[in-house]
file final_5.cif (mmCIF, C-alpha atoms)
data_coords
#
loop_
_atom_site.label_atom_id
_atom_site.label_comp_id
_atom_site.auth_asym_id
_atom_site.auth_seq_id
_atom_site.Cartn_x
_atom_site.Cartn_y
_atom_site.Cartn_z
CA MET F 10 13.37 -0.64 5.88
CA ASN F 11 12.33 -3.23 8.46
CA GLU F 12 9.04 -3.90 10.25
CA LYS F 13 9.96 -1.31 12.89
CA LYS F 14 10.30 1.40 10.21
CA GLN F 15 14.06 1.46 10.80
CA ARG F 16 16.04 2.19 7.64
CA TRP F 17 19.47 1.33 6.36
CA ASP F 18 20.64 4.12 4.08
CA LEU F 19 22.21 2.95 0.81
CA ASN F 20 23.05 6.46 -0.39
CA SER F 21 26.02 7.42 1.77
CA GLN F 22 29.72 6.83 2.03
CA ALA F 23 29.35 5.76 5.65
CA SER F 24 26.70 3.04 5.19
CA GLY F 25 27.06 2.05 1.55
CA VAL F 26 25.94 3.09 -1.92
CA PHE F 27 23.55 1.06 -4.10
CA THR F 28 24.83 1.23 -7.68
CA LYS F 29 23.95 -0.28 -11.09
CA PRO F 30 20.26 -0.78 -10.09
CA GLN F 31 18.11 -3.12 -12.15
CA GLY F 32 14.50 -4.25 -11.87
CA PHE F 33 12.65 -0.93 -11.70
CA GLY F 34 10.83 -1.48 -14.98
CA MET F 35 8.30 -4.18 -15.84
CA GLU F 36 8.32 -7.49 -17.67
CA ASN F 37 5.41 -9.55 -18.96
CA SER F 38 5.38 -13.30 -19.46
CA SER F 39 3.45 -13.97 -22.67
CA SER F 40 2.61 -16.84 -25.01
CA TYR F 41 1.33 -16.56 -28.57
CA LEU F 42 -0.60 -18.59 -31.13
CA LYS F 43 0.33 -18.32 -34.80
CA THR F 44 -2.65 -17.76 -37.05
CA GLY F 45 -1.66 -17.44 -40.67
CA ASP F 46 1.07 -14.86 -40.81
CA VAL F 47 0.28 -13.19 -37.48
CA TRP F 48 0.73 -14.16 -33.84
CA LEU F 49 -2.19 -13.67 -31.47
CA THR F 50 -1.62 -13.20 -27.73
CA ASP F 51 -2.73 -16.39 -25.99
CA SER F 52 -1.90 -15.29 -22.44
CA LYS F 53 -0.07 -12.45 -20.76
CA LYS F 54 0.73 -11.90 -17.11
CA LEU F 55 3.06 -9.67 -15.16
CA SER F 56 6.30 -11.34 -14.12
CA GLN F 57 7.35 -11.16 -10.49
CA PRO F 58 9.72 -8.18 -10.17
CA LYS F 59 13.31 -8.61 -9.03
CA ILE F 60 15.70 -5.89 -7.85
CA SER F 61 19.45 -6.22 -8.10
CA GLY F 62 22.56 -4.07 -8.02
CA ILE F 63 26.04 -3.56 -6.59
CA ILE F 64 26.47 -2.21 -3.06
CA VAL F 65 29.71 -0.33 -2.54
CA PHE F 66 31.11 0.11 0.97
CA PRO F 67 33.76 2.88 0.75
CA GLU F 68 34.38 3.41 4.48
CA ARG F 69 35.06 0.85 7.23
CA MET F 70 34.41 -1.51 4.36
CA TYR F 71 34.09 -5.04 5.73
CA ALA F 72 32.87 -3.84 9.15
CA VAL F 73 29.96 -1.93 7.57
CA PHE F 74 29.16 -4.92 5.36
CA GLN F 75 28.84 -7.10 8.49
CA GLU F 76 26.58 -4.50 10.15
CA PHE F 77 24.41 -4.42 7.03
CA MET F 78 24.11 -8.20 7.06
CA GLN F 79 23.14 -8.11 10.73
CA PHE F 80 20.42 -5.55 9.96
CA LEU F 81 18.98 -7.79 7.22
CA ASN F 82 19.14 -10.98 9.26
CA GLN F 83 17.42 -9.41 12.26
CA SER F 84 14.58 -7.97 10.14
CA LYS F 85 11.34 -9.94 10.07
CA LYS F 86 10.07 -7.85 7.15
CA THR F 87 12.09 -6.04 4.51
CA VAL F 88 10.84 -3.16 2.38
CA PHE F 89 12.84 -1.58 -0.41
CA VAL F 90 12.36 2.21 -0.41
CA TYR F 91 12.99 4.10 -3.64
CA LYS F 92 12.95 7.89 -3.98
CA PRO F 93 13.58 9.02 -7.56
CA SER F 94 15.72 12.10 -8.02
CA GLY F 95 13.65 15.27 -8.32
CA VAL F 96 10.39 13.56 -7.31
CA ASP F 97 8.67 14.32 -4.03
CA ALA F 98 7.50 10.76 -3.40
CA GLU F 99 8.75 7.50 -1.96
CA TYR F 100 7.93 4.16 -3.54
CA PHE F 101 7.88 0.99 -1.44
CA ALA F 102 8.18 -2.67 -2.40
CA ASP F 103 7.95 -5.64 -0.01
CA VAL F 104 11.01 -7.76 -0.75
CA ASP F 105 12.96 -10.80 0.36
CA LEU F 106 16.72 -10.93 0.09
CA VAL F 107 17.59 -13.83 -2.22
CA GLY F 108 21.31 -13.38 -2.49
CA ILE F 109 24.38 -11.39 -1.55
CA GLU F 110 27.63 -12.40 -3.18
CA LYS F 111 30.63 -11.34 -1.18
CA GLY F 112 32.87 -9.32 -3.43
CA ASN F 113 36.43 -8.15 -3.44
CA TYR F 114 38.31 -4.98 -2.71
CA ALA F 115 38.46 -2.96 -5.90
CA ARG F 116 38.88 0.53 -7.31
CA GLY F 117 41.02 2.03 -4.62
CA GLN F 118 40.19 -0.48 -1.89
CA ARG F 119 36.39 -0.12 -2.06
CA PHE F 120 34.52 -3.22 -0.92
CA GLU F 121 31.77 -4.22 -3.39
CA VAL F 122 29.07 -6.90 -3.16
CA SER F 123 26.29 -7.86 -5.54
CA ALA F 124 22.80 -8.05 -4.00
CA SER F 125 19.48 -9.33 -5.33
CA PHE F 126 15.95 -9.12 -3.93
CA VAL F 127 12.69 -10.66 -5.08
CA CYS F 128 9.61 -8.43 -4.82
CA LYS F 129 6.52 -9.72 -3.03
CA SER F 130 4.52 -6.71 -4.17
CA LEU F 131 4.52 -4.09 -6.87
CA PHE F 132 6.00 -0.73 -5.94
CA TYR F 133 3.42 1.31 -4.06
CA THR F 134 2.82 4.63 -2.35
CA GLU F 135 0.72 5.08 0.76
CA GLU F 136 -2.23 7.45 1.19
CA GLN F 137 -4.28 8.12 4.31
CA PHE F 138 -7.61 9.86 4.78
CA GLU F 139 -8.68 10.83 8.28
CA TYR F 140 -11.97 12.32 9.39
CA HIS F 141 -12.68 13.28 12.98
CA ILE F 142 -15.64 15.19 14.35
CA LYS F 143 -16.08 16.35 17.94
CA ARG F 144 -18.96 18.33 19.39
CA ALA F 145 -18.52 20.71 22.31
CA ASP F 146 -20.91 23.51 23.34
CA ARG F 147 -22.70 23.46 19.98
CA GLU F 148 -19.40 23.77 18.14
CA VAL F 149 -18.34 21.24 15.53
CA ARG F 150 -14.63 20.76 14.88
CA TRP F 151 -13.17 18.64 12.15
CA ASP F 152 -9.80 17.65 10.75
CA PHE F 153 -9.30 16.24 7.26
CA ARG F 154 -6.65 16.20 4.53
CA TRP F 155 -8.50 15.67 1.25
CA GLU F 156 -11.44 17.37 -0.48
CA THR F 157 -14.19 16.38 1.92
CA ARG F 158 -17.70 17.37 2.91
CA PHE F 159 -20.27 16.21 5.45
CA ASN F 160 -23.68 17.21 6.72
CA ASP F 161 -26.21 16.21 9.36
CA LEU F 162 -27.68 13.45 7.16
CA ASN F 163 -25.09 10.97 8.39
CA TYR F 164 -22.68 10.95 5.50
CA VAL F 165 -19.08 11.83 4.75
CA TYR F 166 -17.71 12.19 1.22
CA PHE F 167 -14.31 12.61 -0.43
CA ARG F 168 -12.63 12.28 -3.82
CA PHE F 169 -9.76 9.87 -4.44
CA GLU F 170 -7.39 9.89 -7.42
CA ASN F 171 -5.75 6.52 -8.03
CA THR F 172 -2.77 7.31 -10.25
CA GLY F 173 -1.43 3.78 -9.95
CA HIS F 174 -1.42 1.03 -12.59
CA VAL F 175 -3.83 -1.33 -10.79
CA GLU F 176 -6.76 -1.02 -8.40
CA SER F 177 -5.98 0.18 -4.86
CA PRO F 178 -6.56 -2.04 -1.81
CA PHE F 179 -7.52 -0.27 1.39
CA SER F 180 -8.08 -0.67 5.11
CA LEU F 181 -10.90 1.22 6.80
CA SER F 182 -11.74 1.73 10.45
CA PHE F 183 -14.43 3.85 12.06
CA THR F 184 -15.67 4.47 15.58
CA GLY F 185 -18.89 5.93 16.90
CA HIS F 186 -22.48 4.93 17.64
CA CYS F 187 -24.20 4.12 14.34
CA THR F 188 -26.52 1.57 12.74
CA ASP F 189 -26.15 -0.09 9.34
CA ALA F 190 -23.13 1.86 8.15
CA ALA F 191 -22.11 1.65 4.50
CA MET F 192 -19.25 2.60 2.18
CA MET F 193 -20.04 3.34 -1.49
CA VAL F 194 -17.72 4.09 -4.41
CA TYR F 195 -18.86 6.04 -7.47
CA GLN F 196 -17.01 6.66 -10.71
CA GLU F 197 -18.34 9.09 -13.31
CA GLY F 198 -21.61 9.20 -11.41
CA ARG F 199 -22.11 5.42 -11.44
CA LEU F 200 -22.12 3.20 -8.34
CA ILE F 201 -19.41 0.60 -8.92
CA ASN F 202 -18.82 -0.89 -5.45
CA GLN F 203 -20.37 -0.88 -2.01
CA VAL F 204 -20.15 -2.68 1.32
CA ARG F 205 -22.85 -2.53 3.98
CA PHE F 206 -22.36 -3.42 7.62
CA ASN F 207 -25.59 -4.83 9.05
CA LEU F 208 -24.98 -4.13 12.72
CA THR F 209 -25.26 -1.50 15.43
CA LEU F 210 -21.96 -0.14 16.63
CA LEU F 211 -21.65 1.23 20.17
CA GLY F 212 -19.98 4.58 20.72
CA SER F 213 -16.79 2.98 22.05
CA GLU F 214 -16.56 0.19 19.44
CA THR F 215 -14.40 0.26 16.32
CA LEU F 216 -15.19 -1.59 13.12
CA SER F 217 -12.29 -2.33 10.74
CA ILE F 218 -12.13 -3.91 7.30
CA SER F 219 -9.16 -4.67 5.04
CA THR F 220 -9.18 -5.58 1.33
CA PHE F 221 -5.42 -6.19 1.07
CA ASP F 222 -4.85 -9.56 -0.60
CA ASP F 223 -2.75 -10.84 2.31
CA ASP F 224 -5.03 -9.41 5.02
CA LEU F 225 -8.72 -9.87 4.10
CA ARG F 226 -10.75 -9.28 7.27
CA ILE F 227 -13.65 -7.51 8.95
CA GLU F 228 -13.60 -7.08 12.73
CA VAL F 229 -15.19 -5.21 15.61
CA ASP F 230 -12.66 -4.51 18.35
CA GLY F 231 -10.50 -7.35 16.98
CA ALA F 232 -13.29 -9.98 16.86
CA ASP F 233 -14.31 -11.43 13.50
CA ARG F 234 -17.62 -10.02 12.21
CA LYS F 235 -17.97 -11.34 8.67
CA ASP F 236 -21.52 -12.26 9.69
CA CYS F 237 -22.54 -8.60 9.29
CA LEU F 238 -21.91 -8.67 5.52
CA ASP F 239 -24.30 -9.38 2.68
CA PHE F 240 -22.50 -12.16 0.82
CA THR F 241 -24.52 -11.60 -2.34
CA ASN F 242 -22.41 -8.45 -2.66
CA ASP F 243 -18.71 -8.12 -3.57
CA ASN F 244 -17.61 -6.73 -0.19
CA PHE F 245 -13.82 -7.00 -0.45
CA PHE F 246 -13.34 -4.72 -3.44
CA LYS F 247 -10.55 -2.29 -4.34
CA LEU F 248 -10.68 1.34 -5.42
CA PRO F 249 -10.62 1.80 -9.22
CA ILE F 250 -7.94 3.39 -11.37
CA GLY F 251 -8.58 7.08 -11.94
CA ALA F 252 -10.84 9.47 -10.04
CA SER F 253 -13.63 8.16 -7.82
CA GLU F 254 -15.93 9.44 -5.11
CA VAL F 255 -16.19 7.60 -1.79
CA PHE F 256 -19.21 8.01 0.50
CA PHE F 257 -19.68 6.84 4.09
CA ARG F 258 -23.25 6.68 5.35
CA SER F 259 -25.15 5.28 8.31
CA ARG F 260 -28.90 4.83 8.84
CA THR F 261 -28.70 6.34 12.33
CA GLY F 262 -25.91 7.84 14.43
CA LYS F 263 -22.56 9.10 13.15
CA MET F 264 -19.21 7.59 12.28
CA ASN F 265 -17.26 10.17 14.26
CA ASN F 266 -13.76 8.91 13.49
CA ILE F 267 -12.90 7.46 10.08
CA ILE F 268 -9.42 6.36 9.01
CA LEU F 269 -8.95 5.07 5.48
CA ASN F 270 -5.52 3.85 4.35
CA MET F 271 -4.88 3.12 0.67
CA GLU F 272 -1.92 2.05 -1.41
CA LYS F 273 -1.33 2.98 -5.05
CA TYR F 274 0.53 0.24 -6.95
CA TYR F 275 2.86 0.75 -9.91
CA LYS F 276 4.15 -1.83 -12.38
CA ALA F 277 7.23 0.32 -13.05
CA VAL F 278 8.78 3.29 -11.25
#
call {"tool": "encode", "arguments": {"input": "final_5.cif", "output": "structure tokens"}}
result
Amino acid sequence: MNEKKQRWDLNSQASGVFTKPQGFGMENSSSYLKTGDVWLTDSKKLSQPKISGIIVFPERMYAVFQEFMQFLNQSKKTVFVYKPSGVDAEYFADVDLVGIEKGNYARGQRFEVSASFVCKSLFYTEEQFEYHIKRADREVRWDFRWETRFNDLNYVYFRFENTGHVESPFSLSFTGHCTDAAMMVYQEGRLINQVRFNLTLLGSETLSISTFDDDLRIEVDGADRKDCLDFTNDNFFKLPIGASEVFFRSRTGKMNNIILNMEKYYKAV
């Protein structure tokens, strides 16, 4: 998949079939110290994943191979999409193509090439929470996807289950007149993370924050607003593994539109 969400299918006779896949597990790079007759782990870190396999082009062989190469070369961003058989989920990994070795015609004139990609992320799934509230003639309407509740004391709450292998980064945006908004994360009844925004947001303004490692930011309508943070606090945190409860509060006003995007990361899929 490219940056425009366009996909090249590697599961069909017409566009090619990805076979002999490798790199969907995990590998650690470790060093050990010998102490007596045992070896103690000195260091251990996750190795950068690599995906490789054989792409078979059964139809219009070389012509389809050239079209595939054109798709890759014109893509500014490449994402490998994996959907395991019998599982209702898609896993994504940001990748760079590191090599395609032009093959030969084989097995009844099928054109085969070996391909390898280096992963720039773990495999991940995407989750999105949306909360909207609109008042009209004393009626309150809302639209949300997860277990959620709110009241007139300026807070919104939902539960999040991180089934991934590491903590989940997120991006958050909210719109609506409010003062001193805050996001708090609880796990097993204990406050583990919070970020407070020391500012007054106008009804038409949108505040956004991202804790993705390659996109750390906090903005109001696109302008940097890191000055609204308390830097004695760990503001750019991630959501923990397991179940947690996320609260949004404001001292006055309401955050009428909240969009929270999260990614669950997996060391092996």
call {"tool": "atom_distance", "arguments": {"input": "final_5.cif", "atom1": "atom CA of Ile63 of chain F", "atom2": "atom CA of Asn37 of chain F"}}
result
24.8 Å
call {"tool": "atom_distance", "arguments": {"input": "final_5.cif", "atom1": "atom CA of Gln203 of chain F", "atom2": "atom CA of Phe246 of chain F"}}
result
8.1 Å
call {"tool": "atom_distance", "arguments": {"input": "final_5.cif", "atom1": "atom CA of Asn207 of chain F", "atom2": "atom CA of Phe183 of chain F"}}
result
14.5 Å
call {"tool": "residues_around", "arguments": {"input": "final_5.cif", "residues": "segment 216-224 of chain F", "least_positions_apart": "3", "cutoff": "7 Å", "atoms": "all atoms listed in the file", "output": "PDB file with C-alpha atoms, in the coordinates of the input"}}
result
ATOM      1  CA  PRO F 178      -6.560  -2.040  -1.810  1.00  0.00           C
ATOM      2  CA  PHE F 179      -7.520  -0.270   1.390  1.00  0.00           C
ATOM      3  CA  SER F 180      -8.080  -0.670   5.110  1.00  0.00           C
ATOM      4  CA  LEU F 181     -10.900   1.220   6.800  1.00  0.00           C
ATOM      5  CA  SER F 182     -11.740   1.730  10.450  1.00  0.00           C
ATOM      6  CA  PHE F 183     -14.430   3.850  12.060  1.00  0.00           C
ATOM      7  CA  THR F 184     -15.670   4.470  15.580  1.00  0.00           C
ATOM      8  CA  ILE F 227     -13.650  -7.510   8.950  1.00  0.00           C
ATOM      9  CA  GLU F 228     -13.600  -7.080  12.730  1.00  0.00           C
ATOM     10  CA  VAL F 229     -15.190  -5.210  15.610  1.00  0.00           C
ATOM     11  CA  ASP F 230     -12.660  -4.510  18.350  1.00  0.00           C
ATOM     12  CA  PHE F 245     -13.820  -7.000  -0.450  1.00  0.00           C
ATOM     13  CA  PHE F 246     -13.340  -4.720  -3.440  1.00  0.00           C
ATOM     14  CA  LYS F 247     -10.550  -2.290  -4.340  1.00  0.00           C
TER      15      LYS F 247
END
call {"tool": "closest_residue", "arguments": {"input": "final_5.cif", "among": "F:Lys273, F:Lys85, F:Lys111, F:Arg234", "to": "Thr134 of chain F", "atoms": "all atoms listed in the file"}}
result
F:Lys273
call {"tool": "closest_residue", "arguments": {"input": "final_5.cif", "among": "F:Lys276, F:Val175, F:Tyr41, F:Leu81", "to": "Cys128 of chain F", "atoms": "only C-alpha atoms"}}
result
F:Lys276
call {"tool": "resolve_selection", "arguments": {"input": "final_5.cif", "expression": "the PyMOL selection byres ((chain F and resi 95-105) around 6)", "output": "PDB file with C-alpha atoms, in the coordinates of the input"}}
result
ATOM      1  CA  THR F  87      12.090  -6.040   4.510  1.00  0.00           C
ATOM      2  CA  VAL F  88      10.840  -3.160   2.380  1.00  0.00           C
ATOM      3  CA  PHE F  89      12.840  -1.580  -0.410  1.00  0.00           C
ATOM      4  CA  VAL F  90      12.360   2.210  -0.410  1.00  0.00           C
ATOM      5  CA  TYR F  91      12.990   4.100  -3.640  1.00  0.00           C
ATOM      6  CA  LYS F  92      12.950   7.890  -3.980  1.00  0.00           C
ATOM      7  CA  PRO F  93      13.580   9.020  -7.560  1.00  0.00           C
ATOM      8  CA  SER F  94      15.720  12.100  -8.020  1.00  0.00           C
ATOM      9  CA  LEU F 106      16.720 -10.930   0.090  1.00  0.00           C
ATOM     10  CA  PHE F 126      15.950  -9.120  -3.930  1.00  0.00           C
ATOM     11  CA  VAL F 127      12.690 -10.660  -5.080  1.00  0.00           C
ATOM     12  CA  CYS F 128       9.610  -8.430  -4.820  1.00  0.00           C
ATOM     13  CA  LYS F 129       6.520  -9.720  -3.030  1.00  0.00           C
ATOM     14  CA  SER F 130       4.520  -6.710  -4.170  1.00  0.00           C
ATOM     15  CA  LEU F 131       4.520  -4.090  -6.870  1.00  0.00           C
ATOM     16  CA  PHE F 132       6.000  -0.730  -5.940  1.00  0.00           C
ATOM     17  CA  TYR F 133       3.420   1.310  -4.060  1.00  0.00           C
ATOM     18  CA  THR F 134       2.820   4.630  -2.350  1.00  0.00           C
TER      19      THR F 134
END
call {"tool": "resolve_selection", "arguments": {"input": "final_5.cif", "expression": "the PyMOL selection byres ((chain F and resi 192) around 8)", "output": "PyMOL selection string"}}
result
chain F and resi 190-191+193-194+203-205+255-258
call {"tool": "residues_near_point", "arguments": {"input": "final_5.cif", "point": "(-21.5, -0.3, 14.0)", "cutoff": "10 Å", "atoms": "all atoms listed in the file", "output": "PyMOL selection string"}}
result
chain F and resi 183-191+206-217+229+237+259+261-264
call {"tool": "resolve_selection", "arguments": {"input": "final_5.cif", "expression": "the PyMOL selection byres ((chain F and resi 250) around 7)", "output": "NGL selection string"}}
result
:F and (171-173 or 175-176 or 248-249 or 251-252)
call {"tool": "residues_around", "arguments": {"input": "final_5.cif", "residues": "segment 25-33 of chain F", "least_positions_apart": "5", "cutoff": "7 Å", "atoms": "all atoms listed in the file", "output": "PyMOL selection string"}}
result
chain F and resi 19-20+58-67+277-278
call {"tool": "build_atoms", "arguments": {"input": "final_5.cif", "residues": "segment 63-91 of chain F", "atoms": "N, CA and C atoms", "output": "compact mmCIF listing (two decimals), in the frame of the given file"}}
result
# COMPACT_ATOMS: atom_id res chain seq x y z
N ILE F 63 24.75 -3.45 -7.28
CA ILE F 63 26.04 -3.56 -6.59
C ILE F 63 26.04 -2.58 -5.42
N ILE F 64 26.35 -3.08 -4.23
CA ILE F 64 26.47 -2.21 -3.06
C ILE F 64 27.94 -1.99 -2.79
N VAL F 65 28.32 -0.72 -2.77
CA VAL F 65 29.71 -0.33 -2.54
C VAL F 65 29.85 0.20 -1.12
N PHE F 66 30.82 -0.33 -0.39
CA PHE F 66 31.11 0.11 0.97
C PHE F 66 32.47 0.82 0.96
N PRO F 67 32.48 2.16 0.87
CA PRO F 67 33.76 2.88 0.75
C PRO F 67 34.49 3.05 2.07
N GLU F 68 33.76 3.12 3.18
CA GLU F 68 34.38 3.41 4.48
C GLU F 68 34.16 2.24 5.44
N ARG F 69 35.12 1.96 6.25
CA ARG F 69 35.06 0.85 7.23
C ARG F 69 34.54 -0.41 6.54
N MET F 70 34.88 -0.57 5.34
CA MET F 70 34.41 -1.51 4.36
C MET F 70 33.79 -2.81 4.92
N TYR F 71 34.60 -3.73 5.31
CA TYR F 71 34.09 -5.04 5.73
C TYR F 71 33.26 -4.93 7.01
N ALA F 72 33.61 -4.01 7.91
CA ALA F 72 32.87 -3.84 9.15
C ALA F 72 31.44 -3.37 8.86
N VAL F 73 31.30 -2.42 7.92
CA VAL F 73 29.96 -1.93 7.57
C VAL F 73 29.17 -3.01 6.86
N PHE F 74 29.83 -3.80 6.02
CA PHE F 74 29.16 -4.92 5.36
C PHE F 74 28.59 -5.89 6.39
N GLN F 75 29.34 -6.20 7.44
CA GLN F 75 28.84 -7.10 8.49
C GLN F 75 27.65 -6.48 9.23
N GLU F 76 27.70 -5.17 9.48
CA GLU F 76 26.58 -4.50 10.15
C GLU F 76 25.33 -4.53 9.27
N PHE F 77 25.53 -4.35 7.97
CA PHE F 77 24.41 -4.42 7.03
C PHE F 77 23.79 -5.81 7.02
N MET F 78 24.62 -6.83 7.02
CA MET F 78 24.11 -8.20 7.06
C MET F 78 23.36 -8.47 8.35
N GLN F 79 23.83 -7.93 9.45
CA GLN F 79 23.14 -8.11 10.73
C GLN F 79 21.77 -7.44 10.70
N PHE F 80 21.70 -6.25 10.09
CA PHE F 80 20.42 -5.55 9.96
C PHE F 80 19.43 -6.40 9.16
N LEU F 81 19.86 -6.98 8.05
CA LEU F 81 18.98 -7.79 7.22
C LEU F 81 18.54 -9.06 7.94
N ASN F 82 19.46 -9.72 8.60
CA ASN F 82 19.14 -10.98 9.26
C ASN F 82 18.23 -10.81 10.47
N GLN F 83 18.27 -9.66 11.10
CA GLN F 83 17.42 -9.41 12.26
C GLN F 83 16.05 -8.85 11.87
N SER F 84 15.85 -8.54 10.60
CA SER F 84 14.58 -7.97 10.14
C SER F 84 13.59 -9.08 9.81
N LYS F 85 12.40 -8.98 10.37
CA LYS F 85 11.34 -9.94 10.07
C LYS F 85 10.64 -9.59 8.76
N LYS F 86 10.67 -8.33 8.40
CA LYS F 86 10.07 -7.85 7.15
C LYS F 86 11.03 -6.85 6.52
N THR F 87 11.18 -6.94 5.21
CA THR F 87 12.09 -6.04 4.51
C THR F 87 11.34 -5.31 3.40
N VAL F 88 11.48 -4.00 3.39
CA VAL F 88 10.84 -3.16 2.38
C VAL F 88 11.91 -2.33 1.69
N PHE F 89 11.91 -2.39 0.36
CA PHE F 89 12.84 -1.58 -0.41
C PHE F 89 12.20 -0.22 -0.65
N VAL F 90 12.89 0.84 -0.29
CA VAL F 90 12.36 2.21 -0.41
C VAL F 90 13.12 2.92 -1.51
N TYR F 91 12.39 3.44 -2.49
CA TYR F 91 12.99 4.10 -3.64
C TYR F 91 12.44 5.51 -3.78
